[in-house]
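Peer 1: If it helps, the file is called input.tsv and holds TSV, C-alpha atoms:
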chain	number	residue	atom	x	y	z
A	1	MET	CA	0.00	0.00	0.00
A	2	GLU	CA	2.83	2.39	1.02
A	3	LEU	CA	4.73	1.40	-2.10
A	4	SER	CA	1.77	2.21	-4.24
A	5	GLU	CA	1.44	5.65	-2.61
A	6	GLU	CA	5.13	6.28	-3.14
A	7	LEU	CA	4.79	5.35	-6.80
A	8	GLU	CA	1.79	7.60	-7.17
A	9	ASP	CA	3.72	10.50	-5.61
A	10	GLU	CA	6.64	9.83	-7.90
A	11	LEU	CA	4.33	9.74	-10.91
A	12	LYS	CA	2.74	13.01	-9.81
A	13	ARG	CA	6.16	14.67	-9.47
A	14	MET	CA	7.20	13.43	-12.88
A	15	LYS	CA	4.00	14.70	-14.42
A	16	GLU	CA	4.57	18.13	-12.87
A	17	GLU	CA	8.15	18.15	-14.12
A	18	LEU	CA	6.97	17.21	-17.59
A	19	ALA	CA	4.37	19.99	-17.53
A	20	ASN	CA	7.08	22.50	-16.52
A	21	MET	CA	9.35	21.30	-19.31
A	22	LYS	CA	6.52	21.59	-21.81
A	23	GLU	CA	5.87	25.14	-20.65
A	24	MET	CA	9.56	26.04	-20.98
A	25	LEU	CA	9.69	24.51	-24.44
A	26	SER	CA	6.63	26.44	-25.51
A	27	GLU	CA	8.17	29.71	-24.22
A	28	MET	CA	11.42	29.00	-26.04
A	29	SER	CA	9.68	28.29	-29.32
A	30	GLU	CA	7.58	31.45	-28.91
A	31	ARG	CA	10.77	33.50	-28.38
A	32	LEU	CA	12.36	31.92	-31.44
A	33	ARG	CA	9.26	32.61	-33.49
A	34	LYS	CA	9.25	36.30	-32.51
A	35	ARG	CA	12.95	36.79	-33.27
A	36	PRO	CA	13.52	39.11	-36.26
A	37	ARG	CA	14.84	37.20	-39.21
A	38	GLY	CA	16.65	38.10	-42.40
A	39	PHE	CA	14.73	36.84	-45.38
A	40	HIS	CA	13.10	33.72	-46.62
A	41	ILE	CA	13.16	32.44	-50.14
A	42	ASP	CA	10.56	29.95	-51.24
A	43	MET	CA	11.92	28.19	-54.30
A	44	GLY	CA	8.64	26.38	-54.82
A	45	GLY	CA	6.83	29.42	-56.25
A	46	LYS	CA	6.79	30.92	-59.69
A	47	ILE	CA	9.84	32.74	-60.96
A	48	HIS	CA	8.36	36.19	-60.32
A	49	ASP	CA	7.60	35.20	-56.73
A	50	TYR	CA	11.21	34.17	-56.39
A	51	VAL	CA	12.37	37.49	-57.83
A	52	GLU	CA	10.00	39.31	-55.48
A	53	ASP	CA	11.41	37.38	-52.53
A	54	VAL	CA	14.98	38.16	-53.51
A	55	MET	CA	14.18	41.85	-53.87
A	56	GLU	CA	12.19	42.16	-50.67
A	57	GLY	CA	14.39	39.87	-48.67
A	58	VAL	CA	17.80	41.22	-49.61
A	59	ALA	CA	16.75	44.87	-49.41
A	60	GLU	CA	14.87	44.54	-46.15
A	61	GLY	CA	17.23	42.03	-44.60
A	62	ILE	CA	20.35	44.11	-45.15
A	63	SER	CA	19.11	47.67	-44.96
A	64	GLY	CA	16.68	46.82	-42.17
A	65	GLU	CA	19.47	45.56	-39.92
A	66	LEU	CA	21.59	48.63	-40.63
A	67	GLU	CA	18.72	51.04	-40.20
A	68	ARG	CA	17.95	49.64	-36.79
A	69	SER	CA	21.44	50.29	-35.56
A	70	VAL	CA	22.61	53.45	-37.37
A	71	PHE	CA	21.22	56.53	-39.04
A	72	ILE	CA	21.53	56.56	-42.79
A	73	GLY	CA	21.99	59.98	-44.34
A	74	PRO	CA	20.84	61.15	-47.77
A	75	HIS	CA	24.00	59.81	-49.38
A	76	GLY	CA	23.79	56.46	-47.64
A	77	ILE	CA	26.35	54.95	-45.30
A	78	LYS	CA	29.40	52.95	-46.06
A	79	VAL	CA	30.43	49.92	-44.06
A	80	SER	CA	34.00	48.86	-44.72
A	81	ARG	CA	35.45	45.61	-43.51
A	82	GLY	CA	39.05	46.46	-44.23
A	83	LYS	CA	41.26	48.86	-46.10
A	84	ARG	CA	42.57	47.85	-49.46
A	85	GLU	CA	45.80	49.29	-50.66
A	86	GLU	CA	45.49	51.05	-53.98
A	87	ASP	CA	48.25	50.03	-56.33
A	88	LEU	CA	48.54	53.11	-58.48
A	89	ALA	CA	51.93	52.00	-59.74
A	90	GLY	CA	50.22	49.20	-61.65
A	91	THR	CA	47.74	51.53	-63.35
A	92	ASP	CA	47.70	51.26	-67.12
A	93	PRO	CA	48.86	54.71	-68.37
A	94	VAL	CA	46.97	54.22	-71.64
A	95	LYS	CA	43.69	53.74	-69.80
A	96	ALA	CA	44.47	56.62	-67.45
A	97	ALA	CA	45.26	58.88	-70.42
A	98	SER	CA	42.03	57.82	-72.14
A	99	ALA	CA	39.97	58.70	-69.07
A	100	MET	CA	41.80	62.02	-68.59
A	101	SER	CA	41.45	62.85	-72.26
A	102	ALA	CA	37.70	62.20	-72.07
A	103	LEU	CA	37.56	64.67	-69.20
A	104	GLY	CA	39.70	67.28	-70.96
A	105	ASN	CA	36.84	69.06	-72.65
A	106	GLU	CA	34.55	71.72	-71.28
A	107	HIS	CA	31.46	70.34	-73.03
A	108	ARG	CA	32.06	66.81	-71.80
A	109	LEU	CA	32.40	68.08	-68.24
A	110	LYS	CA	29.10	69.91	-68.65
A	111	ILE	CA	27.49	66.71	-69.92
A	112	LEU	CA	28.80	64.78	-66.91
A	113	SER	CA	27.50	67.53	-64.59
A	114	GLU	CA	24.08	67.22	-66.16
A	115	LEU	CA	24.09	63.43	-65.95
A	116	ALA	CA	25.04	63.63	-62.27
A	117	TYR	CA	21.37	64.59	-61.69
A	118	GLY	CA	20.22	61.28	-63.15
A	119	GLY	CA	19.66	59.51	-66.48
A	120	ARG	CA	18.87	61.75	-69.45
A	121	TYR	CA	17.64	61.24	-73.00
A	122	ILE	CA	19.68	63.00	-75.67
A	123	SER	CA	16.75	65.39	-76.27
A	124	GLU	CA	16.82	66.38	-72.58
A	125	LEU	CA	20.58	66.99	-72.77
A	126	GLN	CA	20.07	69.15	-75.84
A	127	GLU	CA	17.49	71.18	-73.97
A	128	LYS	CA	19.78	71.64	-70.96
A	129	LEU	CA	22.90	72.34	-73.02
A	130	PRO	CA	21.75	74.41	-76.01
A	131	GLU	CA	25.27	75.69	-76.65
A	132	ILE	CA	26.30	72.19	-77.85
A	133	THR	CA	25.08	71.17	-81.31
A	134	THR	CA	23.34	67.80	-81.75
A	135	SER	CA	26.17	66.19	-83.70
A	136	THR	CA	28.82	67.45	-81.26
A	137	LEU	CA	26.72	66.21	-78.36
A	138	SER	CA	26.52	62.71	-79.87
A	139	SER	CA	30.24	62.62	-80.52
A	140	HIS	CA	31.02	63.77	-76.93
A	141	LEU	CA	28.68	61.10	-75.52
A	142	ASP	CA	30.45	58.54	-77.68
A	143	VAL	CA	33.85	59.55	-76.25
A	144	LEU	CA	32.49	59.43	-72.68
A	145	GLU	CA	30.91	56.04	-73.29
A	146	LYS	CA	34.11	54.59	-74.75
A	147	ALA	CA	36.05	55.85	-71.73
A	148	GLY	CA	33.54	54.07	-69.45
A	149	LEU	CA	32.37	57.32	-67.82
A	150	VAL	CA	28.88	57.09	-69.27
A	151	ALA	CA	26.65	54.13	-70.15
A	152	GLN	CA	23.72	54.19	-72.51
A	153	GLU	CA	20.56	52.18	-72.07
A	154	LYS	CA	20.21	50.68	-75.52
A	155	VAL	CA	16.46	50.05	-75.40
A	156	ARG	CA	15.23	53.29	-73.82
A	157	GLY	CA	18.20	55.29	-75.05
A	158	ARG	CA	18.86	57.18	-71.80
A	159	TYR	CA	22.44	58.10	-70.89
A	160	LEU	CA	23.64	57.41	-67.34
A	161	ILE	CA	26.78	58.48	-65.53
A	162	THR	CA	28.75	55.45	-64.31
A	163	ILE	CA	30.56	55.07	-60.99
A	164	PRO	CA	33.97	55.86	-62.61
A	165	GLY	CA	32.26	58.75	-64.43
A	166	ARG	CA	31.00	60.26	-61.19
A	167	MET	CA	34.40	59.78	-59.54
A	168	ALA	CA	36.23	61.33	-62.50
A	169	HIS	CA	33.83	64.28	-62.58
A	170	LYS	CA	34.30	64.89	-58.87
A	171	MET	CA	38.06	64.62	-59.24
A	172	ALA	CA	38.12	67.09	-62.15
A	173	LYS	CA	36.17	69.61	-60.09
A	174	LYS	CA	38.52	69.16	-57.13
A	175	ILE	CA	41.60	69.66	-59.30
A	176	ALA	CA	40.03	72.79	-60.81
A	177	ARG	CA	39.32	74.18	-57.31
A	178	VAL	CA	42.87	73.50	-56.10
A	179	ILE	CA	44.43	75.11	-59.18
A	180	GLU	CA	42.08	78.08	-58.93
A	181	LYS	CA	43.14	78.58	-55.32
A	182	GLU	CA	46.84	78.26	-56.18
A	183	LEU	CA	46.55	80.84	-58.93
A	184	GLU	CA	44.65	83.36	-56.81
A	185	PRO	CA	46.73	86.52	-56.34
A	186	GLU	CA	47.76	86.91	-52.73
B	1	MET	CA	8.38	19.21	-66.31
B	2	ARG	CA	11.32	17.64	-68.07
B	3	LEU	CA	11.97	18.93	-71.50
B	4	HIS	CA	13.28	15.79	-73.12
B	5	HIS	CA	9.99	14.90	-74.83
B	6	PHE	CA	10.23	17.74	-77.29
B	7	GLU	CA	9.69	17.16	-80.95
B	8	LEU	CA	11.32	19.23	-83.62
B	9	GLY	CA	10.36	19.18	-87.20
B	10	GLY	CA	7.73	19.79	-89.78
B	11	ASP	CA	8.45	22.10	-92.65
B	12	PRO	CA	10.99	24.83	-92.02
B	13	GLN	CA	9.47	28.28	-92.05
B	14	LYS	CA	10.81	31.80	-92.38
B	15	THR	CA	9.82	35.23	-91.09
B	16	ILE	CA	8.01	37.28	-93.71
B	17	GLU	CA	9.13	40.60	-92.19
B	18	ASP	CA	11.38	42.02	-89.50
B	19	LEU	CA	9.87	40.72	-86.30
B	20	THR	CA	10.02	41.73	-82.64
B	21	LEU	CA	9.75	38.57	-80.55
B	22	PHE	CA	9.79	40.41	-77.25
B	23	ARG	CA	10.10	43.99	-76.14
B	24	ASN	CA	9.72	45.92	-72.91
B	25	ASP	CA	11.47	49.07	-71.72
B	26	ARG	CA	14.71	47.27	-70.87
B	27	CYS	CA	14.90	44.30	-73.15
B	28	LEU	CA	14.47	43.53	-76.82
B	29	VAL	CA	14.67	40.42	-79.04
B	30	GLU	CA	14.34	41.03	-82.77
B	31	LEU	CA	14.55	38.92	-85.91
B	32	SER	CA	15.22	40.09	-89.41
B	33	LYS	CA	13.15	39.10	-92.42
B	34	ARG	CA	13.84	35.59	-93.84
B	35	THR	CA	15.08	34.12	-90.57
B	36	LEU	CA	14.47	30.37	-90.52
B	37	ALA	CA	12.11	28.92	-87.91
B	38	LEU	CA	11.58	25.29	-86.97
B	39	PRO	CA	8.52	24.47	-84.83
B	40	LEU	CA	9.08	22.76	-81.50
B	41	THR	CA	6.24	20.82	-79.91
B	42	PHE	CA	5.59	19.19	-76.53
B	43	ASP	CA	2.56	16.97	-76.06
B	44	GLU	CA	1.71	17.54	-79.72
B	45	LYS	CA	1.16	21.26	-79.08
B	46	LEU	CA	3.23	24.04	-80.58
B	47	GLN	CA	5.36	25.42	-77.76
B	48	GLY	CA	8.18	27.28	-79.44
B	49	TYR	CA	10.65	27.57	-82.28
B	50	VAL	CA	14.31	27.18	-83.04
B	51	PHE	CA	15.33	30.21	-85.07
B	52	HIS	CA	18.39	30.68	-87.24
B	53	GLY	CA	19.16	33.78	-89.26
B	54	ILE	CA	20.03	37.27	-88.17
B	55	GLY	CA	18.58	38.81	-85.05
B	56	LYS	CA	19.41	41.14	-82.22
B	57	LEU	CA	19.35	40.80	-78.45
B	58	VAL	CA	19.50	43.95	-76.33
B	59	VAL	CA	19.28	43.95	-72.54
B	60	ASP	CA	19.80	47.10	-70.50
B	61	SER	CA	21.40	45.26	-67.61
B	62	ILE	CA	22.26	48.48	-65.79
B	63	VAL	CA	21.25	49.56	-62.30
B	64	GLU	CA	21.23	53.26	-61.46
B	65	THR	CA	22.59	54.14	-58.00
B	66	THR	CA	23.51	57.47	-56.41
B	67	ARG	CA	27.18	56.53	-56.88
B	68	GLY	CA	26.62	56.07	-60.60
B	69	ALA	CA	25.33	53.39	-62.93
B	70	VAL	CA	26.48	49.82	-62.36
B	71	GLY	CA	26.62	47.25	-65.15
B	72	ARG	CA	26.69	47.53	-68.90
B	73	PRO	CA	24.06	46.95	-71.55
B	74	THR	CA	24.20	43.67	-73.45
B	75	VAL	CA	23.95	43.96	-77.24
B	76	LYS	CA	24.39	40.77	-79.24
B	77	THR	CA	23.87	39.82	-82.85
B	78	LEU	CA	21.94	36.56	-83.02
B	79	ASP	CA	23.53	34.74	-85.95
B	80	ARG	CA	23.51	31.27	-84.40
B	81	PRO	CA	20.50	29.01	-83.76
B	82	PHE	CA	18.52	29.96	-80.66
B	83	LEU	CA	15.46	28.62	-78.88
B	84	MET	CA	12.25	30.39	-77.96
B	85	LEU	CA	9.51	28.84	-75.81
B	86	GLY	CA	6.18	30.46	-75.03
B	87	ARG	CA	3.61	32.46	-77.00
B	88	ALA	CA	4.52	30.53	-80.15
B	89	GLU	CA	0.97	30.74	-81.53
B	90	ASP	CA	1.33	34.53	-81.82
B	91	LEU	CA	3.92	34.07	-84.56
B	92	ARG	CA	1.88	31.95	-86.96
B	93	GLU	CA	0.78	34.99	-88.98
B	94	SER	CA	4.37	36.21	-89.36
B	95	LEU	CA	5.77	32.98	-90.80
B	96	GLU	CA	5.53	31.21	-94.13
B	97	PRO	CA	7.19	28.08	-95.57
B	98	ALA	CA	10.89	28.50	-96.35
B	99	ASP	CA	12.29	27.33	-99.69
B	100	ALA	CA	15.72	26.00	-100.69
B	101	LEU	CA	16.98	29.51	-101.40
B	102	ASP	CA	16.05	30.69	-97.89
B	103	LEU	CA	17.86	27.69	-96.41
B	104	ARG	CA	20.97	28.31	-98.53
B	105	GLU	CA	20.97	31.96	-97.45
B	106	VAL	CA	21.55	30.83	-93.85
B	107	GLY	CA	24.02	28.12	-94.92
B	108	TYR	CA	21.97	24.91	-95.20
B	109	GLU	CA	21.97	22.70	-98.27
B	110	SER	CA	18.75	20.93	-97.34
B	111	THR	CA	15.85	20.84	-94.90
B	112	THR	CA	17.39	17.78	-93.23
B	113	GLU	CA	20.58	19.68	-92.55
B	114	PHE	CA	18.64	22.46	-90.81
B	115	ILE	CA	16.59	19.98	-88.76
B	116	GLU	CA	19.76	18.10	-87.76
B	117	GLU	CA	21.47	21.31	-86.66
B	118	ALA	CA	18.40	22.42	-84.68
B	119	SER	CA	18.02	18.96	-83.09
B	120	GLU	CA	21.67	18.93	-82.09
B	121	PHE	CA	21.26	22.38	-80.55
B	122	CYS	CA	18.14	21.32	-78.59
B	123	GLU	CA	19.52	17.98	-77.44
B	124	ASP	CA	22.71	19.57	-76.28
B	125	LEU	CA	20.73	22.26	-74.52
B	126	LEU	CA	17.98	20.26	-72.96
B	127	LYS	CA	19.54	16.90	-72.13
B	128	GLU	CA	20.66	17.98	-68.69
B	129	ARG	CA	18.15	20.71	-67.99
B	130	HIS	CA	14.81	21.05	-66.29
B	131	THR	CA	12.29	23.79	-66.61
B	132	ASN	CA	10.10	24.89	-63.77
B	133	GLY	CA	6.64	23.38	-64.12
B	134	ASP	CA	5.24	26.81	-63.32
B	135	PHE	CA	6.72	28.35	-66.46
B	136	ASP	CA	3.77	30.15	-67.96
B	137	ARG	CA	3.87	29.65	-71.72
B	138	GLN	CA	0.83	31.86	-72.28
B	139	SER	CA	2.40	35.07	-71.02
B	140	SER	CA	6.13	34.34	-70.70
B	141	HIS	CA	8.95	33.84	-73.13
B	142	LEU	CA	11.99	31.69	-72.51
B	143	PHE	CA	14.95	32.27	-74.82
B	144	VAL	CA	18.19	30.31	-74.85
B	145	PHE	CA	21.08	31.66	-76.91
B	146	LYS	CA	24.33	29.82	-77.33
B	147	SER	CA	27.63	31.57	-77.78
B	148	GLU	CA	30.57	30.41	-79.90
B	149	LYS	CA	32.25	29.21	-76.71
B	150	GLY	CA	29.25	26.97	-76.00
B	151	ASP	CA	27.94	29.02	-73.06
B	152	SER	CA	24.22	29.63	-72.85
B	153	ASP	CA	22.59	32.98	-72.25
B	154	VAL	CA	19.08	32.59	-70.85
B	155	LEU	CA	16.32	35.18	-70.90
B	156	VAL	CA	12.98	34.60	-69.17
B	157	ALA	CA	10.77	37.52	-70.04
B	158	LYS	CA	7.32	38.82	-69.21
B	159	LYS	CA	5.80	42.15	-70.15
B	160	LYS	CA	6.74	43.82	-66.88
B	161	GLY	CA	9.87	41.98	-65.92
B	162	PHE	CA	12.59	39.58	-66.91
B	163	VAL	CA	15.51	37.51	-65.71
B	164	PHE	CA	18.67	37.48	-67.84
B	165	LYS	CA	21.67	35.25	-67.24
B	166	SER	CA	24.81	35.65	-69.28
B	167	GLY	CA	28.02	33.98	-68.16
B	168	ARG	CA	28.49	34.89	-64.52
B	169	LYS	CA	26.14	37.86	-64.72
B	170	ILE	CA	22.51	37.66	-63.61
B	171	TYR	CA	20.13	40.57	-64.03
B	172	VAL	CA	16.56	40.62	-62.73
B	173	SER	CA	14.16	43.45	-63.46
B	174	LYS	CA	10.53	43.99	-62.55
B	175	GLY	CA	8.92	47.42	-62.63
B	176	ASN	CA	11.08	49.77	-60.61
B	177	LYS	CA	12.99	46.98	-58.94
B	178	SER	CA	16.17	45.38	-60.22
B	179	VAL	CA	18.94	43.09	-59.04
B	180	LEU	CA	22.31	42.76	-60.75
B	181	GLN	CA	24.73	40.09	-59.71
B	182	CYS	CA	28.13	39.96	-61.35
B	183	PRO	CA	31.45	38.61	-60.05
B	184	GLY	CA	32.27	40.33	-56.77
B	185	GLU	CA	29.23	42.59	-56.82
B	186	ILE	CA	25.51	42.51	-56.05
B	187	VAL	CA	23.31	45.55	-56.56
B	188	VAL	CA	19.69	45.60	-55.43
B	189	SER	CA	17.55	48.56	-56.39
B	190	LYS	CA	13.96	49.24	-55.43
B	191	LYS	CA	12.05	52.51	-55.82
B	192	GLY	CA	15.23	54.61	-55.79
B	193	LYS	CA	16.68	52.77	-52.80
B	194	THR	CA	19.74	50.69	-53.52
B	195	VAL	CA	21.92	48.23	-51.65
B	196	VAL	CA	25.36	47.60	-53.14
B	197	ILE	CA	27.53	44.78	-51.89
B	198	ALA	CA	30.99	44.89	-53.46
B	199	ASN	CA	34.63	44.46	-52.51
B	200	ASN	CA	33.82	43.72	-48.86
B	201	ASN	CA	31.75	46.89	-48.63
B	202	ILE	CA	28.04	47.34	-48.13
B	203	LEU	CA	26.54	50.59	-49.32
B	204	VAL	CA	22.93	51.46	-48.54
B	205	GLU	CA	21.40	54.39	-50.37
B	206	ARG	CA	17.97	55.75	-49.66
B	207	HIS	CA	17.29	58.29	-52.35
B	208	ALA	CA	17.15	58.57	-56.10
B	209	PRO	CA	20.26	59.94	-57.84
B	210	MET	CA	20.96	63.53	-56.95
B	211	LYS	CA	23.45	66.15	-57.95
B	212	GLU	CA	26.71	66.06	-56.08
B	213	ASP	CA	28.34	69.17	-54.56
If you took the structure in this file and wrote it as structure tokens, what would it be?

Peer 2:
Amino acid sequence: MELSEELEDELKRMKEELANMKEMLSEMSERLRKRPRGFHIDMGGKIHDYVEDVMEGVAEGISGELERSVFIGPHGIKVSRGKREEDLAGTDPVKAASAMSALGNEHRLKILSELAYGGRYISELQEKLPEITTSTLSSHLDVLEKAGLVAQEKVRGRYLITIPGRMAHKMAKKIARVIEKELEPE
Amino acid sequence: MRLHHFELGGDPQKTIEDLTLFRNDRCLVELSKRTLALPLTFDEKLQGYVFHGIGKLVVDSIVETTRGAVGRPTVKTLDRPFLMLGRAEDLRESLEPADALDLREVGYESTTEFIEEASEFCEDLLKERHTNGDFDRQSSHLFVFKSEKGDSDVLVAKKKGFVFKSGRKIYVSKGNKSVLQCPGEIVVSKKGKTVVIANNNILVERHAPMKED
């Protein structure tokens, strides 16, 4: 009789322990469920669903994490994981000369300035830069495109400034400012 | 759905005029007049064509960011056989039977030679490949172009978006969203907001391109 009571007590204790463990497990799974996650890609859907997932997921996953922790200004923020040494000694002088030569024209600099606002059709560039004739404008755009400073959308026809184009344009303006300052009479 | 039950054949046809197979604001596939076309069927239904002649592929695989445009447009002359699946019925009115002269123009001595070349192209292309069962042949186009090196460029296109894979470059565009993945770089753009991952850097931009100082 005593043994049976002992067994019953033991069984009761074990049941209580099991109930506690179940409760803990349920809490843990709830916490895991609520945890913010990156993104989820369901490969089982149609291709446009997959594209949608990639777009939403990558953009929200990455920028969301950064936005939570830091303020992002109008020009964005840059996160660098290490400095890379620039090997200017290995720069191809022919390529450098080609890029500099593309910059060495007042009209081309004006075109780059205009494109820095965003993509433009040739008609829009003509409107903004009436001092440049249509044929000259086309030939300047051709030079800029060959130098990799401008890219043209071949279907829509818009011209866009490239990353090297924006850098080169910025650099040209900086050089001009420095020289201007140097030449200022004291 | 596995694509190894395709059937190629019937009488070779040709385009009766310059033809646009697909066009949206970032992508274009065109054929010139007298391009050869060989019908391709699955389950006894017309599903696509193998074309050979002269054509043009243009994809504006460029993403605009505030740092400048990333990527370059793709412009290719299509002078080798290529495959198109989807919306094949729409082309019936633009095709007519090709004769021996049309075949010779593209470099074939006989119909058999053209069918053999097209079969070889399809077998080589499809023997190891699968297509998603969800591929919607009523409103989507699937193009496969082969380069001289034997690489395949693939374009899956719908009116408002497309996926283009060429070598190690993948470009996805839908409305005002685009993703460009090329070696060492991924650019995601959505409504003027871009995320650039390149050279161990992550750049998040929140606004459309603007004039610098």

Peer 1: For each of A:Ile161, A:Ile111, A:Ile179, A:Leu137, take the minimum atom-to-atom distance to chain B, counting only C-alpha atoms, then give the residue where this is smallest.

Peer 2: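 Nearest to chain B: A:Ile161.
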
Peer 1: For chain A, which residue out of B:Phe6, B:Tyr171, B:Phe143, B:Phe42 is the nearest one, using all atoms listed in the file?

Peer 2: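 Of B:Phe6, B:Tyr171, B:Phe143, B:Phe42, the one nearest chain A is B:Tyr171, counting all atoms listed in the file.
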
Peer 1: Give me, please, the distance in Å between CA of Leu103 in chain A and CA of Leu160 in chain A, quoted to one decimal.

Peer 2: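 Separation of CA of Leu103 in chain A and CA of Leu160 in chain A: 15.8 Å.
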
Peer 1: Can you tell me, as a list in words, what residues are no more than 12 Å from Met171 in chain A when counting all atoms listed in the file, ignoring any on the same chain fewer than 2 positions away?

Peer 2: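 Once the nearby chain positions are removed, what remains is Ala99, Met100, Leu103, Leu109, Pro164, Gly165, Arg166, Met167, Ala168, His169, Lys173, Lys174, Ile175, Ala176, Arg177 and Val178 of chain A; Glu212 and Asp213 of chain B.
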
Peer 1: Pick from B:Arg92, B:Lys177, B:Lys14, B:Lys45: nearest to chain A, with all atoms listed in the file counted?

Peer 2: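 Of all the options, B:Lys177 lies closest to chain A.
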
Peer 1: Would you kindly return, as a CSV table (one decimal) with C-alpha atoms, in the frame of the given file, each protein, DNA or RNA residue with an atom no farther than 7 Å from any atom of range 51-68 of chain B, considering only C-alpha atoms and excluding same-chain residues fewer than 3 positions away?

Peer 2:
chain,number,residue,atom,x,y,z
A,153,GLU,CA,20.6,52.2,-72.1
A,154,LYS,CA,20.2,50.7,-75.5
A,155,VAL,CA,16.5,50.0,-75.4
A,161,ILE,CA,26.8,58.5,-65.5
A,162,THR,CA,28.8,55.4,-64.3
A,163,ILE,CA,30.6,55.1,-61.0
A,166,ARG,CA,31.0,60.3,-61.2
B,26,ARG,CA,14.7,47.3,-70.9
B,27,CYS,CA,14.9,44.3,-73.2
B,28,LEU,CA,14.5,43.5,-76.8
B,29,VAL,CA,14.7,40.4,-79.0
B,30,GLU,CA,14.3,41.0,-82.8
B,31,LEU,CA,14.6,38.9,-85.9
B,32,SER,CA,15.2,40.1,-89.4
B,35,THR,CA,15.1,34.1,-90.6
B,36,LEU,CA,14.5,30.4,-90.5
B,37,ALA,CA,12.1,28.9,-87.9
B,38,LEU,CA,11.6,25.3,-87.0
B,71,GLY,CA,26.6,47.2,-65.2
B,72,ARG,CA,26.7,47.5,-68.9
B,73,PRO,CA,24.1,47.0,-71.6
B,74,THR,CA,24.2,43.7,-73.4
B,75,VAL,CA,24.0,44.0,-77.2
B,76,LYS,CA,24.4,40.8,-79.2
B,77,THR,CA,23.9,39.8,-82.8
B,78,LEU,CA,21.9,36.6,-83.0
B,79,ASP,CA,23.5,34.7,-86.0
B,80,ARG,CA,23.5,31.3,-84.4
B,81,PRO,CA,20.5,29.0,-83.8
B,82,PHE,CA,18.5,30.0,-80.7
B,83,LEU,CA,15.5,28.6,-78.9
B,106,VAL,CA,21.6,30.8,-93.8
B,171,TYR,CA,20.1,40.6,-64.0
B,178,SER,CA,16.2,45.4,-60.2
B,194,THR,CA,19.7,50.7,-53.5
B,208,ALA,CA,17.2,58.6,-56.1
B,209,PRO,CA,20.3,59.9,-57.8
B,210,MET,CA,21.0,63.5,-57.0

Peer 1: What is the CA of Ala157 in chain B to CA of Ile16 in chain B distance in Å?

Peer 2: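 Interatomic distance here is 23.8 Å.
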
Peer 1: Which residues, written as a short mmCIF file (atom, residue, chain, number, x, y, z; two decimals) with C-alpha atoms, in the coordinates of the input, have at least one atom at most 10 Å from Ile132 in chain A, with all atoms listed in the file counted and residues fewer than 5 positions away on the same chain left out?

Peer 2:
data_model
loop_
_atom_site.label_atom_id
_atom_site.label_comp_id
_atom_site.auth_asym_id
_atom_site.auth_seq_id
_atom_site.Cartn_x
_atom_site.Cartn_y
_atom_site.Cartn_z
CA HIS A 107 31.46 70.34 -73.03
CA ARG A 108 32.06 66.81 -71.80
CA LYS A 110 29.10 69.91 -68.65
CA ILE A 111 27.49 66.71 -69.92
CA LEU A 125 20.58 66.99 -72.77
CA GLN A 126 20.07 69.15 -75.84
CA GLU A 127 17.49 71.18 -73.97
CA LEU A 137 26.72 66.21 -78.36
CA SER A 138 26.52 62.71 -79.87
CA HIS A 140 31.02 63.77 -76.93
#

Peer 1: Kindly give the distance, in Å, that separates CA of Asp25 in chain B and CA of Gly86 in chain B, rounded to a single decimal.

Peer 2: 19.6 Å

Peer 1: Please list, as a count of residues only, the residues that have an atom at most 9 Å away from (31.1, 39.5, -56.2) in the coordinates of this file, counting all atoms listed in the file.

Peer 2: 10

Peer 1: Contacts of Val143 in chain A at 7 Å or less, counting all atoms listed in the file, minus same-chain residues fewer than 4 places along, as an MDAnalysis selection string?

Peer 2: chainID A and resid 102 139 147

Peer 1: Using all atoms listed in the file, pick whichever of A:Glu5, A:Glu184, A:Asp142, A:Glu114 has the shortest atom-to-atom distance to chain B.

Peer 2: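 The shortest atom-to-atom distance to chain B comes from A:Glu114.
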
Peer 1: Find the residues with any atom within 7 Å of (5.1, 42.9, -63.5); use all atoms listed in the file and the coordinates as given in the file, and write the answer as a list in words.

Peer 2: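 Residues with an atom close enough to that point: Lys159, Lys160, Gly161, Lys174 and Gly175 of chain B.
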
Peer 1: Hey, what's within 8 Å of range 150-156 of chain B if we count all atoms listed in the file and toss same-chain stuff fewer than 3 positions away? As a ChimeraX atom specification, please?

Peer 2: /B:140-147,162-167

Peer 1: Rank nothing, just name the residue among A:Ser98, A:Gln152, A:Ser29, A:Ser123 nearest to chain B, using all atoms listed in the file.

Peer 2: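 Looking at the shortest contact to chain B, the residue is A:Gln152.
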
Peer 1: I need the residue nearest chain A from this list: B:Arg104, B:Arg87, B:Lys191, B:Arg168. Use all atoms listed in the file for the distance.

Peer 2: B:Lys191
